[in-house]
Structures are given as C-alpha cells and as structure tokens.
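Participant: Handing over model06.txt, compact mmCIF, C-alpha atoms (C1' of nucleotides).
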```
# COMPACT_ATOMS: atom_id res chain seq x y z
CA MET Y 1 1.55 0.29 -5.58
CA PRO Y 2 1.33 -2.66 -3.31
CA GLU Y 3 -2.03 -2.68 -1.55
CA LEU Y 4 -3.65 -5.59 0.27
CA PRO Y 5 -3.96 -7.98 -2.74
CA GLU Y 6 -0.38 -7.33 -3.85
CA VAL Y 7 1.08 -7.73 -0.36
CA GLU Y 8 -0.94 -10.91 0.12
CA THR Y 9 0.37 -12.22 -3.21
CA VAL Y 10 3.96 -11.47 -2.15
CA ARG Y 11 3.28 -13.34 1.09
CA ARG Y 12 1.93 -16.41 -0.70
CA SER Y 13 4.80 -16.41 -3.18
CA LEU Y 14 7.44 -16.17 -0.45
CA LEU Y 15 5.99 -18.39 2.26
CA PRO Y 16 7.06 -21.75 0.79
CA VAL Y 17 10.60 -20.58 0.05
CA VAL Y 18 11.40 -18.77 3.29
CA ILE Y 19 9.77 -21.01 5.85
CA ASP Y 20 12.29 -22.69 8.17
CA LYS Y 21 15.17 -20.84 6.53
CA GLU Y 22 18.03 -19.71 8.75
CA ILE Y 23 19.30 -16.18 8.28
CA GLN Y 24 23.05 -16.32 7.85
CA GLU Y 25 23.91 -12.82 6.74
CA VAL Y 26 22.22 -9.41 6.68
CA GLU Y 27 23.43 -6.62 4.39
CA ILE Y 28 21.94 -3.16 4.81
CA PHE Y 29 22.44 -0.61 2.03
CA LEU Y 30 19.90 2.00 3.11
CA GLU Y 31 20.19 2.60 6.84
CA LYS Y 32 17.22 4.96 7.20
CA ALA Y 33 14.87 2.17 6.13
CA VAL Y 34 15.63 0.30 9.36
CA ARG Y 35 13.54 1.35 12.37
CA PRO Y 36 13.53 2.05 15.19
CA ILE Y 37 16.90 0.50 15.99
CA ALA Y 38 20.38 0.89 14.56
CA PRO Y 39 21.14 -1.24 11.49
CA GLU Y 40 23.87 -3.07 13.40
CA GLU Y 41 21.32 -4.08 16.03
CA LEU Y 42 19.05 -5.50 13.35
CA LYS Y 43 21.91 -7.57 11.97
CA LEU Y 44 22.76 -8.92 15.41
CA ALA Y 45 19.12 -9.75 16.09
CA LEU Y 46 18.54 -11.55 12.79
CA ILE Y 47 21.69 -13.55 12.21
CA GLY Y 48 21.21 -17.16 13.26
CA ARG Y 49 17.41 -16.83 13.53
CA LYS Y 50 15.03 -19.07 11.63
CA ILE Y 51 11.87 -17.86 9.91
CA GLU Y 52 8.88 -19.69 11.34
CA ASP Y 53 6.03 -17.99 9.51
CA LEU Y 54 5.11 -15.13 7.23
CA LEU Y 55 1.93 -13.16 7.91
CA ARG Y 56 0.19 -10.15 6.44
CA ARG Y 57 -1.68 -7.44 8.27
CA GLY Y 58 -3.01 -4.56 6.15
CA LYS Y 59 -0.14 -3.70 3.84
CA TYR Y 60 2.54 -5.01 6.22
CA LEU Y 61 4.41 -8.27 5.66
CA ILE Y 62 5.46 -9.82 8.95
CA PHE Y 63 8.19 -12.42 9.38
CA ILE Y 64 7.89 -14.47 12.58
CA LEU Y 65 11.28 -15.51 13.94
CA ASP Y 66 12.06 -18.56 16.03
CA ASN Y 67 12.62 -16.45 19.13
CA SER Y 68 9.12 -14.97 18.63
CA GLN Y 69 10.48 -11.59 17.57
CA ARG Y 70 8.98 -10.18 14.39
CA VAL Y 71 10.21 -8.22 11.41
CA ALA Y 72 7.65 -6.12 9.55
CA PHE Y 73 8.30 -4.86 6.03
CA HIS Y 74 6.24 -2.06 4.51
CA LEU Y 75 6.72 -1.76 0.75
CA ARG Y 76 5.10 1.67 0.45
CA MET Y 77 4.91 2.57 -3.26
CA THR Y 78 7.78 0.86 -5.03
CA GLY Y 79 9.17 -1.69 -2.58
CA LYS Y 80 9.73 -5.25 -3.78
CA LEU Y 81 10.71 -8.33 -1.82
CA LEU Y 82 12.43 -10.69 -4.23
CA TYR Y 83 13.55 -14.21 -3.55
CA LYS Y 84 16.79 -14.98 -5.38
CA ALA Y 85 18.15 -18.46 -5.88
CA GLY Y 86 21.88 -18.87 -5.37
CA LEU Y 87 24.43 -16.10 -5.51
CA SER Y 88 23.06 -12.92 -7.01
CA ALA Y 89 24.45 -9.40 -7.01
CA PRO Y 90 22.20 -6.66 -5.62
CA GLU Y 91 20.33 -4.77 -8.29
CA LYS Y 92 20.07 -0.98 -8.28
CA HIS Y 93 18.13 0.47 -5.31
CA THR Y 94 18.57 -2.54 -3.06
CA THR Y 95 17.81 -1.57 0.53
CA LEU Y 96 18.64 -4.81 2.30
CA ILE Y 97 19.53 -8.45 1.69
CA LEU Y 98 18.81 -11.41 3.96
CA SER Y 99 20.99 -14.37 2.99
CA PHE Y 100 19.96 -17.83 4.11
CA SER Y 101 22.21 -20.69 5.14
CA ASP Y 102 21.00 -22.68 2.10
CA GLY Y 103 22.69 -20.19 -0.23
CA ASN Y 104 19.54 -18.37 -1.36
CA SER Y 105 18.49 -14.86 -0.38
CA LEU Y 106 15.74 -12.31 -0.04
CA HIS Y 107 16.33 -8.85 -1.55
CA PHE Y 108 14.39 -5.77 -0.50
CA VAL Y 109 14.55 -3.44 -3.51
CA ASP Y 110 12.93 0.00 -3.38
CA PRO Y 111 13.68 2.76 -5.92
CA ARG Y 112 11.73 5.43 -4.07
CA LYS Y 113 13.35 4.51 -0.75
CA PHE Y 114 10.09 4.88 1.20
CA GLY Y 115 9.86 1.28 2.36
CA THR Y 116 10.66 0.36 5.96
CA VAL Y 117 11.87 -2.60 8.03
CA VAL Y 118 10.92 -2.78 11.70
CA LEU Y 119 12.07 -5.30 14.30
CA TYR Y 120 9.76 -5.65 17.29
CA GLU Y 121 8.47 -7.86 20.06
CA PRO Y 122 4.89 -9.14 19.63
CA ALA Y 123 3.82 -7.14 22.67
CA ASN Y 124 5.24 -3.90 21.21
CA PRO Y 125 4.25 -3.53 17.58
CA PRO Y 126 5.14 -0.33 15.75
CA ALA Y 127 2.47 2.39 15.91
CA GLY Y 128 1.34 2.05 12.31
CA LEU Y 129 0.71 -1.64 12.72
CA LYS Y 130 -0.94 -1.31 16.10
CA LYS Y 131 -3.39 1.34 14.90
CA LEU Y 132 -4.61 -0.61 11.88
CA GLY Y 133 -8.35 -1.01 11.47
CA PRO Y 134 -10.00 -4.38 10.77
CA GLU Y 135 -8.97 -6.72 7.96
CA PRO Y 136 -11.60 -6.18 5.27
CA VAL Y 137 -11.90 -9.81 4.18
CA ALA Y 138 -10.69 -11.89 7.14
CA ASP Y 139 -12.58 -10.04 9.86
CA LYS Y 140 -16.30 -10.41 10.45
CA LYS Y 141 -18.68 -8.29 8.47
CA GLU Y 142 -20.13 -6.59 11.54
CA VAL Y 143 -16.64 -5.65 12.76
CA VAL Y 144 -15.67 -4.11 9.44
CA LEU Y 145 -18.97 -2.27 8.99
CA PHE Y 146 -18.92 -1.00 12.57
CA SER Y 147 -15.47 0.49 12.06
CA LEU Y 148 -16.51 2.14 8.80
CA LYS Y 149 -19.77 3.52 10.12
CA THR Y 150 -18.32 4.74 13.40
CA ALA Y 151 -15.52 6.58 11.64
CA ALA Y 152 -17.96 7.98 9.09
CA SER Y 153 -20.21 9.41 11.78
CA ARG Y 154 -17.30 11.39 13.21
CA ARG Y 155 -15.83 12.94 10.14
CA LYS Y 156 -16.82 15.50 7.58
CA GLY Y 157 -14.64 14.37 4.71
CA PRO Y 158 -15.41 12.33 1.60
CA ILE Y 159 -15.99 8.57 1.62
CA LYS Y 160 -12.85 8.02 -0.42
CA GLY Y 161 -10.67 9.46 2.35
CA LEU Y 162 -12.32 7.13 4.84
CA LEU Y 163 -11.59 4.05 2.72
CA LEU Y 164 -7.93 5.11 2.46
CA ASP Y 165 -7.57 5.59 6.23
CA GLN Y 166 -5.68 2.51 7.44
CA THR Y 167 -6.90 3.01 11.01
CA VAL Y 168 -10.51 2.61 9.78
CA ILE Y 169 -10.03 -0.31 7.38
CA ALA Y 170 -6.68 -1.93 6.64
CA GLY Y 171 -5.24 -2.54 3.21
CA LEU Y 172 -7.12 -0.39 0.70
CA GLY Y 173 -5.01 2.02 -1.34
CA ASN Y 174 -5.80 4.32 -4.21
CA ILE Y 175 -6.51 1.64 -6.80
CA TYR Y 176 -8.91 -0.47 -4.75
CA ALA Y 177 -10.63 2.53 -3.15
CA ASP Y 178 -11.56 3.83 -6.62
CA GLU Y 179 -12.60 0.37 -7.82
CA THR Y 180 -14.70 -0.21 -4.68
CA LEU Y 181 -16.62 3.04 -5.05
CA PHE Y 182 -17.27 2.38 -8.73
CA ARG Y 183 -18.65 -1.06 -8.04
CA ALA Y 184 -20.74 0.27 -5.17
CA GLY Y 185 -22.06 3.10 -7.33
CA VAL Y 186 -20.97 5.73 -4.82
CA HIS Y 187 -19.42 9.06 -5.80
CA PRO Y 188 -15.95 9.46 -4.25
CA THR Y 189 -16.65 12.93 -2.90
CA CYS Y 190 -19.85 11.89 -1.13
CA PRO Y 191 -19.44 12.93 2.52
CA ALA Y 192 -18.81 9.78 4.55
CA ARG Y 193 -21.52 10.69 7.05
CA GLU Y 194 -24.13 10.82 4.29
CA ILE Y 195 -23.59 7.24 3.14
CA THR Y 196 -26.88 5.33 3.53
CA ALA Y 197 -27.30 1.86 5.03
CA GLN Y 198 -27.92 0.46 1.57
CA GLU Y 199 -24.75 2.10 0.27
CA TRP Y 200 -22.71 0.72 3.18
CA GLU Y 201 -23.94 -2.71 2.27
CA ARG Y 202 -22.88 -2.23 -1.35
CA ILE Y 203 -19.51 -0.78 -0.31
CA TYR Y 204 -18.85 -3.74 1.96
CA GLN Y 205 -19.84 -6.27 -0.71
CA SER Y 206 -17.74 -4.46 -3.32
CA ILE Y 207 -14.69 -4.58 -1.07
CA GLN Y 208 -15.15 -8.33 -0.60
CA GLU Y 209 -15.59 -9.07 -4.28
CA ILE Y 210 -12.83 -6.80 -5.55
CA LEU Y 211 -10.17 -7.81 -3.02
CA THR Y 212 -10.95 -11.50 -3.43
CA LYS Y 213 -10.82 -11.31 -7.21
CA ALA Y 214 -7.65 -9.17 -7.12
CA ILE Y 215 -5.93 -11.73 -4.86
CA ASN Y 216 -7.04 -14.54 -7.17
CA HIS Y 217 -5.45 -12.65 -10.08
CA ARG Y 218 -2.31 -12.04 -8.03
CA GLY Y 219 -2.64 -8.27 -7.75
CA THR Y 220 -2.43 -5.31 -10.10
CA THR Y 221 0.77 -4.54 -12.01
CA ARG Y 222 1.01 -1.11 -13.62
CA GLN Y 223 4.67 -0.14 -13.39
CA ASP Y 224 6.57 -1.59 -10.49
CA TYR Y 225 4.69 -4.31 -8.70
CA VAL Y 226 5.85 -7.92 -8.90
CA ASP Y 227 5.53 -10.76 -6.38
CA GLY Y 228 8.36 -12.51 -4.53
CA ARG Y 229 9.29 -14.49 -7.64
CA GLY Y 230 9.34 -11.39 -9.84
CA GLU Y 231 5.97 -12.28 -11.43
CA PRO Y 232 3.54 -9.49 -12.32
CA GLY Y 233 -0.14 -9.70 -11.44
CA GLU Y 234 -3.14 -9.80 -13.79
CA TYR Y 235 -5.81 -7.71 -12.09
CA GLN Y 236 -4.89 -4.64 -14.20
CA ASN Y 237 -6.97 -6.37 -16.88
CA TYR Y 238 -10.06 -6.11 -14.70
CA LEU Y 239 -9.88 -2.50 -13.54
CA ASN Y 240 -13.03 -0.52 -14.25
CA VAL Y 241 -11.95 3.03 -13.46
CA TYR Y 242 -8.42 3.26 -12.02
CA GLY Y 243 -5.99 4.50 -14.67
CA ARG Y 244 -8.85 4.85 -17.21
CA LYS Y 245 -9.13 8.66 -17.21
CA GLU Y 246 -11.01 9.87 -20.32
CA GLU Y 247 -11.73 6.29 -21.43
CA SER Y 248 -15.27 4.93 -21.73
CA CYS Y 249 -17.01 3.33 -18.83
CA LEU Y 250 -17.22 -0.41 -19.39
CA VAL Y 251 -20.73 -0.42 -17.92
CA CYS Y 252 -22.49 2.65 -19.35
CA GLY Y 253 -20.16 3.90 -22.08
CA GLY Y 254 -19.82 7.33 -20.46
CA THR Y 255 -16.46 8.99 -19.88
CA ILE Y 256 -14.36 8.23 -16.80
CA ASN Y 257 -13.60 11.41 -14.85
CA TYR Y 258 -10.35 12.19 -13.11
CA THR Y 259 -10.11 14.60 -10.20
CA ARG Y 260 -8.39 15.04 -6.85
CA VAL Y 261 -10.13 13.73 -3.73
CA ALA Y 262 -8.55 13.41 -0.28
CA GLY Y 263 -5.24 14.38 -1.85
CA ARG Y 264 -5.26 11.52 -4.34
CA GLY Y 265 -5.86 11.22 -8.03
CA THR Y 266 -9.39 9.80 -8.27
CA HIS Y 267 -11.16 8.02 -11.10
CA TYR Y 268 -14.91 7.58 -11.29
CA CYS Y 269 -17.83 7.35 -13.69
CA PRO Y 270 -20.16 10.31 -13.09
CA ASN Y 271 -23.05 8.34 -14.58
CA CYS Y 272 -22.61 5.11 -12.59
CA GLN Y 273 -21.59 7.01 -9.46
CA PRO Y 274 -23.99 9.96 -9.36
CA LEU Y 275 -23.79 12.66 -6.73
CA LYS Y 276 -26.89 12.53 -4.62
CA LYS Y 277 -29.20 15.52 -4.73
CA VAL Y 278 -29.94 17.03 -1.34
C1' DG A 1 -7.90 16.74 9.12
C1' DA A 2 -5.35 19.18 5.59
C1' DA A 3 -0.56 20.27 4.00
C1' DC A 4 3.83 18.87 3.56
C1' DC A 5 7.57 15.57 3.21
C1' DC A 6 10.14 11.61 1.94
C1' DC A 7 12.21 9.84 -3.11
C1' DT A 8 13.08 8.37 -8.13
C1' DG A 9 11.61 7.46 -12.70
C1' DG A 10 8.51 8.36 -16.16
C1' DT A 11 5.90 11.93 -18.56
C1' DT A 12 4.93 16.50 -20.21
C1' DA H 1 13.34 21.39 -16.63
C1' DA H 2 9.19 21.02 -14.26
C1' DC H 3 5.80 18.02 -12.70
C1' DC H 4 3.41 13.97 -11.12
C1' DA H 5 2.67 9.31 -8.98
C1' DG H 6 1.19 8.13 -3.73
C1' DG H 7 1.48 5.44 1.71
C1' DG H 8 2.02 7.01 5.80
C1' DG H 9 4.41 9.80 9.27
C1' DT H 10 4.78 14.44 10.99
C1' DT H 11 3.31 19.01 11.69
C1' DC H 12 0.57 22.51 12.05
```
Could I get this structure in the form of structure tokens?
Facilitator:
Amino acid sequence: MPELPEVETVRRSLLPVVIDKEIQEVEIFLEKAVRPIAPEELKLALIGRKIEDLLRRGKYLIFILDNSQRVAFHLRMTGKLLYKAGLSAPEKHTTLILSFSDGNSLHFVDPRKFGTVVLYEPANPPAGLKKLGPEPVADKKEVVLFSLKTAASRRKGPIKGLLLDQTVIAGLGNIYADETLFRAGVHPTCPAREITAQEWERIYQSIQEILTKAINHRGTTRQDYVDGRGEPGEYQNYLNVYGRKEESCLVCGGTINYTRVAGRGTHYCPNCQPLKKV
DNA sequence: GAACCCCTGGTT
DNA sequence: AACCAGGGGTTC
C-alpha cells in the first residue's frame, strides 16, 4: 500500500526520467479513474505539454505541466506508476499510458482500479488534496503537533484513527500508523484526547524517525508496491509490528496482537504499548 | 464519525 | 465459495 515513503520513492525514481519530457500521446483504458473531466478532455489538455516538475503532497504525486496546470495521481492501494523504456505493450490492469516524444512512456497500472488521475489548475486543487493536513516531515514541528493536538481535543476516537486521518496529518497509512504507535509505546485504542504531552512528543519523534528511515530504504514492499523503475523497497525488513500478528515482539519477546481499530487491521505489542489505567 | 462502497487477487 | 486486504469518498 503506497503511503508517504512509497509515494516519495516513486517520485524520486521518476523525477529524473520524466523531467522536461513532452507528452505525445495519452491512452486511457479505465475512464472512471479520470476526474473530474471527461477522458477526452484530459487527452486534449495533456498532449503537447511538457513536464516541468514532479512533487508529492501526502500520498498524491503531482506532475507540474509547462502551462502551470497540474495532474495529480493517487495510487490508493495497488496503483503503480511505471516508467517503460521504448515500445512496451500495456500489462494487465493498465489504467492509462502517457507516451513521451522520446519514445518512452509512463504506465499507470492498478489491479484494484481505485487509483485516480485529476487534472486541475493550481488555484483549484481537488478536495482531497486541498484538505490535507501538514506534511509530517517537511513541515515545522509546531505545525504538525498543533494539528494533531487540536484534532485530538475535538474527537472521542482512538489515536490510531487520528493518525490515519489525512486532514490531520498527511501521508500515514495503516503500516506506518501501527509502526509509529509501537515506537512511541502508545496503545492504538488509547483515546486521542487522553494522549499526554510526553506521548505526543514520542509520537512526533517516532513519525520523524520511521518515515525518514522508510524513505531511505525506499518504502515497504509486501505484495504490490514497486517504485517507478519496478524496484521493490526494503523497509519490510525493519517492521516491528505490522504484518507480525502472533509473532514475537523484537523488543520484549511478547506476542504481537492483532485487532480491529478505526476499521483497520491493527498490530501492536500489549507489553510495549500498555493501556493506561484510569 | 461510523458504515458502506469501490475492486481484484490471494488466502482460508 | 466466502472472505479479507485497505485509502478515501459518500452517506447516513
């Protein structure tokens, strides 16, 4: 599942090969992925444009075109953006292909068909992008902590749900939310409004350390995720709790629990992440 | 703010 | 054959 470190890795892998490329052809195989305009409109808008930059915001990848319009891709769970050298036939589940005038192309492949492509003007970003909370690593600590604490004071639900809320903090998904709470020693069902100042500090630090390390290891590959060159990541070798149901905790030797929190499968160590007594 | 939905492939 | 994975939009 591409979360912030995976999307950032895709960005870094694609940037050198797409920059200054001219889009010569656009093939759309899954029309419902294109929003909010008709697929034909997207083709007309893109053909002849050059890519000037590639940015990331939360889990969105954003192509900046030479007329200042932007194209945002969201990979959702199984989306892949693959750079292909030379002529290459679309593989199964290809949503869209951008072909460049140099003969190479970019394939958006997405088995689950949840991924989206949005064309927009900088002044009118799509709602999901506009509503995103702060960038956990790039934004200032006080901005990130203020967003977390403010949201926490207004809601009843568990801390895990808060970390997954993209309008509160951008880019964490199920893997990194579980890993963050383990590292911070906070139980995932702890009500967000009961998190102490000391715990907020640990949660913030854990987010920094985990996301930075995950980016350095080029993301987590479990089933689907690969970067723009088709390369898997390595951070799966550093996971402490995610996907380790019933296995022993690498810190205390206890057993990793698996339960459902905020609608998501949730992994935690009951010993390292104790529930606070009231 | 929870429940449901979108989807397919892998697992039970 | 049924069930599960889960990001985010929609709906209640």
Participant: Near Tyr258 (chain Y), counting all atoms listed in the file, which residues have an atom at most 9 Å away, once you skip same-chain residues fewer than 2 positions from it, shown as a list of chain:residue names?
Facilitator: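 The filter keeps Y:Gly243, Y:Arg244, Y:Lys245, Y:Glu246, Y:Ile256, Y:Arg260, Y:Gly265, Y:Thr266, Y:His267, Y:Tyr268, Y:Cys269.
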Participant: Ranking Y:Ile175, Y:Ala38, Y:Ala45, Y:Ile215 by minimum distance to chain H and counting only C-alpha atoms (C1' of nucleotides), which one comes first?
Facilitator: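 Smallest separation from chain H among the options: Y:Ile175.
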Participant: What is the CA of Leu15 (chain Y) to CA of Asn104 (chain Y) distance in Å?
Facilitator: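 Separation between CA of Leu15 (chain Y) and CA of Asn104 (chain Y): 14.0 Å.
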Participant: Using all atoms listed in the file, I'd like every residue of chain Y that has an atom within 10 Å of chain H; please write them out as a PyMOL selection string.
Facilitator: chain Y and resi 1-3+59+74-78+114-115+128+164-166+173-174+263-265
Participant: Could you write out the selected residues, including C-alpha atoms, as an mmCIF file, keeping the file's coordinate frame?
Facilitator:
```
data_model
loop_
_atom_site.group_PDB
_atom_site.id
_atom_site.type_symbol
_atom_site.label_atom_id
_atom_site.label_comp_id
_atom_site.auth_asym_id
_atom_site.auth_seq_id
_atom_site.Cartn_x
_atom_site.Cartn_y
_atom_site.Cartn_z
ATOM 1 C CA MET Y 1 1.550 0.290 -5.580
ATOM 2 C CA PRO Y 2 1.330 -2.660 -3.310
ATOM 3 C CA GLU Y 3 -2.030 -2.680 -1.550
ATOM 4 C CA LYS Y 59 -0.140 -3.700 3.840
ATOM 5 C CA HIS Y 74 6.240 -2.060 4.510
ATOM 6 C CA LEU Y 75 6.720 -1.760 0.750
ATOM 7 C CA ARG Y 76 5.100 1.670 0.450
ATOM 8 C CA MET Y 77 4.910 2.570 -3.260
ATOM 9 C CA THR Y 78 7.780 0.860 -5.030
ATOM 10 C CA PHE Y 114 10.090 4.880 1.200
ATOM 11 C CA GLY Y 115 9.860 1.280 2.360
ATOM 12 C CA GLY Y 128 1.340 2.050 12.310
ATOM 13 C CA LEU Y 164 -7.930 5.110 2.460
ATOM 14 C CA ASP Y 165 -7.570 5.590 6.230
ATOM 15 C CA GLN Y 166 -5.680 2.510 7.440
ATOM 16 C CA GLY Y 173 -5.010 2.020 -1.340
ATOM 17 C CA ASN Y 174 -5.800 4.320 -4.210
ATOM 18 C CA GLY Y 263 -5.240 14.380 -1.850
ATOM 19 C CA ARG Y 264 -5.260 11.520 -4.340
ATOM 20 C CA GLY Y 265 -5.860 11.220 -8.030
#
```
Participant: Return as a ChimeraX atom specification the residues belonging to chain A that are within 9 Å of chain Y, counting all atoms listed in the file.
Facilitator: /A:1-2,6-9
Participant: To test the calculation: enclose all listed atoms of region 9-15 of chain Y in a box whose edges run along x, y and z, add 6 Å on each side, then state centre and edge lengths in Å to one decimal, as AutoDock Vina command-line options.
Facilitator:
```
--center_x 3.9 --center_y -14.9 --center_z -0.5 --size_x 19.1 --size_y 18.9 --size_z 17.5
```
Participant: Between CA of Phe29 (chain Y) and CA of Leu61 (chain Y), what distance in Å does the model show, to one decimal?
Facilitator: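 CA of Leu61 (chain Y) lies at a distance of 19.9 Å from CA of Phe29 (chain Y).
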Participant: Record the distance separating CA of Glu247 (chain Y) and CA of Thr259 (chain Y), expressed in Å with one decimal.
Facilitator: 14.1 Å
Participant: Fewer than 4 positions away in the same chain doesn't count, so skip those; otherwise give me all residues within 9 Å of Ile51 (chain Y), counting all atoms listed in the file, as number ranges by chain.
Facilitator: Y: 18-23, 63-66
Participant: For the selection you just gave me, I'd like the residues written to a file as a PDB file, keeping the file's coordinate frame, keeping C-alpha atoms.
Facilitator:
```
ATOM      1  CA  VAL Y  18      11.400 -18.770   3.290  1.00  0.00           C
ATOM      2  CA  ILE Y  19       9.770 -21.010   5.850  1.00  0.00           C
ATOM      3  CA  ASP Y  20      12.290 -22.690   8.170  1.00  0.00           C
ATOM      4  CA  LYS Y  21      15.170 -20.840   6.530  1.00  0.00           C
ATOM      5  CA  GLU Y  22      18.030 -19.710   8.750  1.00  0.00           C
ATOM      6  CA  ILE Y  23      19.300 -16.180   8.280  1.00  0.00           C
ATOM      7  CA  PHE Y  63       8.190 -12.420   9.380  1.00  0.00           C
ATOM      8  CA  ILE Y  64       7.890 -14.470  12.580  1.00  0.00           C
ATOM      9  CA  LEU Y  65      11.280 -15.510  13.940  1.00  0.00           C
ATOM     10  CA  ASP Y  66      12.060 -18.560  16.030  1.00  0.00           C
TER      11      ASP Y  66
END
```
Participant: Env of Arg154 (chain Y): 9 Å cut, atoms = all atoms listed in the file, seq-sep filter 3 positions within chain, self excluded. Answer as a PyMOL selection string.
Facilitator: chain Y and resi 149-151+192-193
Participant: What's around Leu275 (chain Y) at 12 Å? Count only C-alpha atoms (C1' of nucleotides), leave out sequence neighbours fewer than 2 positions away in its own chain, and write the answer as a ChimeraX atom specification.
Facilitator: /Y:158,185-191,194-195,268-273,277-278
Participant: Neighbours of Val118 (chain Y) within 9 Å (only C-alpha atoms (C1' of nucleotides); same-chain residues fewer than 3 positions away dropped), as a PyMOL selection string?
Facilitator: chain Y and resi 33-37+42+70-74+125-126
Participant: Can you patch up region 201-209 of chain Y, filling it in to all heavy atoms, and show the result as a JSON list (two decimals), in the coordinates of the input?
Facilitator:
```
[["chain", "number", "residue", "atom", "x", "y", "z"],
["Y", 201, "GLU", "N", -23.85, -1.30, 2.64],
["Y", 201, "GLU", "CA", -23.94, -2.71, 2.27],
["Y", 201, "GLU", "C", -23.25, -2.96, 0.92],
["Y", 201, "GLU", "O", -22.47, -3.90, 0.77],
["Y", 201, "GLU", "CB", -25.42, -3.11, 2.20],
["Y", 201, "GLU", "CG", -25.69, -4.57, 2.01],
["Y", 201, "GLU", "CD", -25.22, -5.42, 3.19],
["Y", 201, "GLU", "OE1", -25.20, -4.92, 4.35],
["Y", 201, "GLU", "OE2", -24.85, -6.59, 2.95],
["Y", 202, "ARG", "N", -23.51, -2.07, -0.02],
["Y", 202, "ARG", "CA", -22.88, -2.23, -1.35],
["Y", 202, "ARG", "C", -21.37, -2.00, -1.27],
["Y", 202, "ARG", "O", -20.59, -2.68, -1.95],
["Y", 202, "ARG", "CB", -23.51, -1.25, -2.35],
["Y", 202, "ARG", "CG", -24.96, -1.56, -2.70],
["Y", 202, "ARG", "CD", -25.31, -1.07, -4.11],
["Y", 202, "ARG", "NE", -24.99, 0.33, -4.33],
["Y", 202, "ARG", "CZ", -25.80, 1.34, -4.07],
["Y", 202, "ARG", "NH1", -27.02, 1.11, -3.60],
["Y", 202, "ARG", "NH2", -25.43, 2.57, -4.32],
["Y", 203, "ILE", "N", -20.95, -1.03, -0.46],
["Y", 203, "ILE", "CA", -19.51, -0.78, -0.31],
["Y", 203, "ILE", "C", -18.84, -2.01, 0.30],
["Y", 203, "ILE", "O", -17.81, -2.47, -0.19],
["Y", 203, "ILE", "CB", -19.27, 0.48, 0.57],
["Y", 203, "ILE", "CG1", -19.64, 1.74, -0.22],
["Y", 203, "ILE", "CG2", -17.82, 0.55, 1.04],
["Y", 203, "ILE", "CD1", -19.65, 3.02, 0.61],
["Y", 204, "TYR", "N", -19.44, -2.56, 1.33],
["Y", 204, "TYR", "CA", -18.85, -3.74, 1.96],
["Y", 204, "TYR", "C", -18.75, -4.91, 0.96],
["Y", 204, "TYR", "O", -17.70, -5.55, 0.83],
["Y", 204, "TYR", "CB", -19.68, -4.16, 3.19],
["Y", 204, "TYR", "CG", -19.15, -5.43, 3.80],
["Y", 204, "TYR", "CD1", -18.05, -5.40, 4.66],
["Y", 204, "TYR", "CD2", -19.70, -6.67, 3.48],
["Y", 204, "TYR", "CE1", -17.53, -6.56, 5.19],
["Y", 204, "TYR", "CE2", -19.18, -7.84, 4.00],
["Y", 204, "TYR", "CZ", -18.11, -7.78, 4.86],
["Y", 204, "TYR", "OH", -17.58, -8.94, 5.36],
["Y", 205, "GLN", "N", -19.84, -5.17, 0.25],
["Y", 205, "GLN", "CA", -19.84, -6.27, -0.71],
["Y", 205, "GLN", "C", -18.81, -6.04, -1.82],
["Y", 205, "GLN", "O", -18.14, -6.97, -2.27],
["Y", 205, "GLN", "CB", -21.23, -6.46, -1.33],
["Y", 205, "GLN", "CG", -22.25, -7.07, -0.39],
["Y", 205, "GLN", "CD", -21.79, -8.40, 0.22],
["Y", 205, "GLN", "OE1", -21.02, -9.14, -0.37],
["Y", 205, "GLN", "NE2", -22.23, -8.67, 1.44],
["Y", 206, "SER", "N", -18.71, -4.78, -2.26],
["Y", 206, "SER", "CA", -17.74, -4.46, -3.32],
["Y", 206, "SER", "C", -16.32, -4.71, -2.85],
["Y", 206, "SER", "O", -15.49, -5.24, -3.60],
["Y", 206, "SER", "CB", -17.90, -3.00, -3.74],
["Y", 206, "SER", "OG", -19.21, -2.78, -4.22],
["Y", 207, "ILE", "N", -16.04, -4.34, -1.62],
["Y", 207, "ILE", "CA", -14.69, -4.58, -1.07],
["Y", 207, "ILE", "C", -14.39, -6.08, -1.07],
["Y", 207, "ILE", "O", -13.32, -6.51, -1.50],
["Y", 207, "ILE", "CB", -14.58, -4.01, 0.37],
["Y", 207, "ILE", "CG1", -14.61, -2.48, 0.33],
["Y", 207, "ILE", "CG2", -13.30, -4.50, 1.05],
["Y", 207, "ILE", "CD1", -14.72, -1.83, 1.70],
["Y", 208, "GLN", "N", -15.36, -6.88, -0.63],
["Y", 208, "GLN", "CA", -15.15, -8.33, -0.60],
["Y", 208, "GLN", "C", -14.84, -8.87, -1.99],
["Y", 208, "GLN", "O", -13.88, -9.61, -2.20],
["Y", 208, "GLN", "CB", -16.39, -9.07, -0.07],
["Y", 208, "GLN", "CG", -16.88, -8.64, 1.29],
["Y", 208, "GLN", "CD", -15.80, -8.71, 2.34],
["Y", 208, "GLN", "OE1", -15.19, -9.75, 2.55],
["Y", 208, "GLN", "NE2", -15.51, -7.59, 2.98],
["Y", 209, "GLU", "N", -15.71, -8.49, -2.93],
["Y", 209, "GLU", "CA", -15.59, -9.07, -4.28],
["Y", 209, "GLU", "C", -14.32, -8.62, -4.97],
["Y", 209, "GLU", "O", -13.62, -9.42, -5.61],
["Y", 209, "GLU", "CB", -16.84, -8.68, -5.10],
["Y", 209, "GLU", "CG", -18.08, -9.41, -4.61],
["Y", 209, "GLU", "CD", -19.38, -8.77, -5.06],
["Y", 209, "GLU", "OE1", -19.35, -7.92, -5.97],
["Y", 209, "GLU", "OE2", -20.44, -9.10, -4.50]]
```
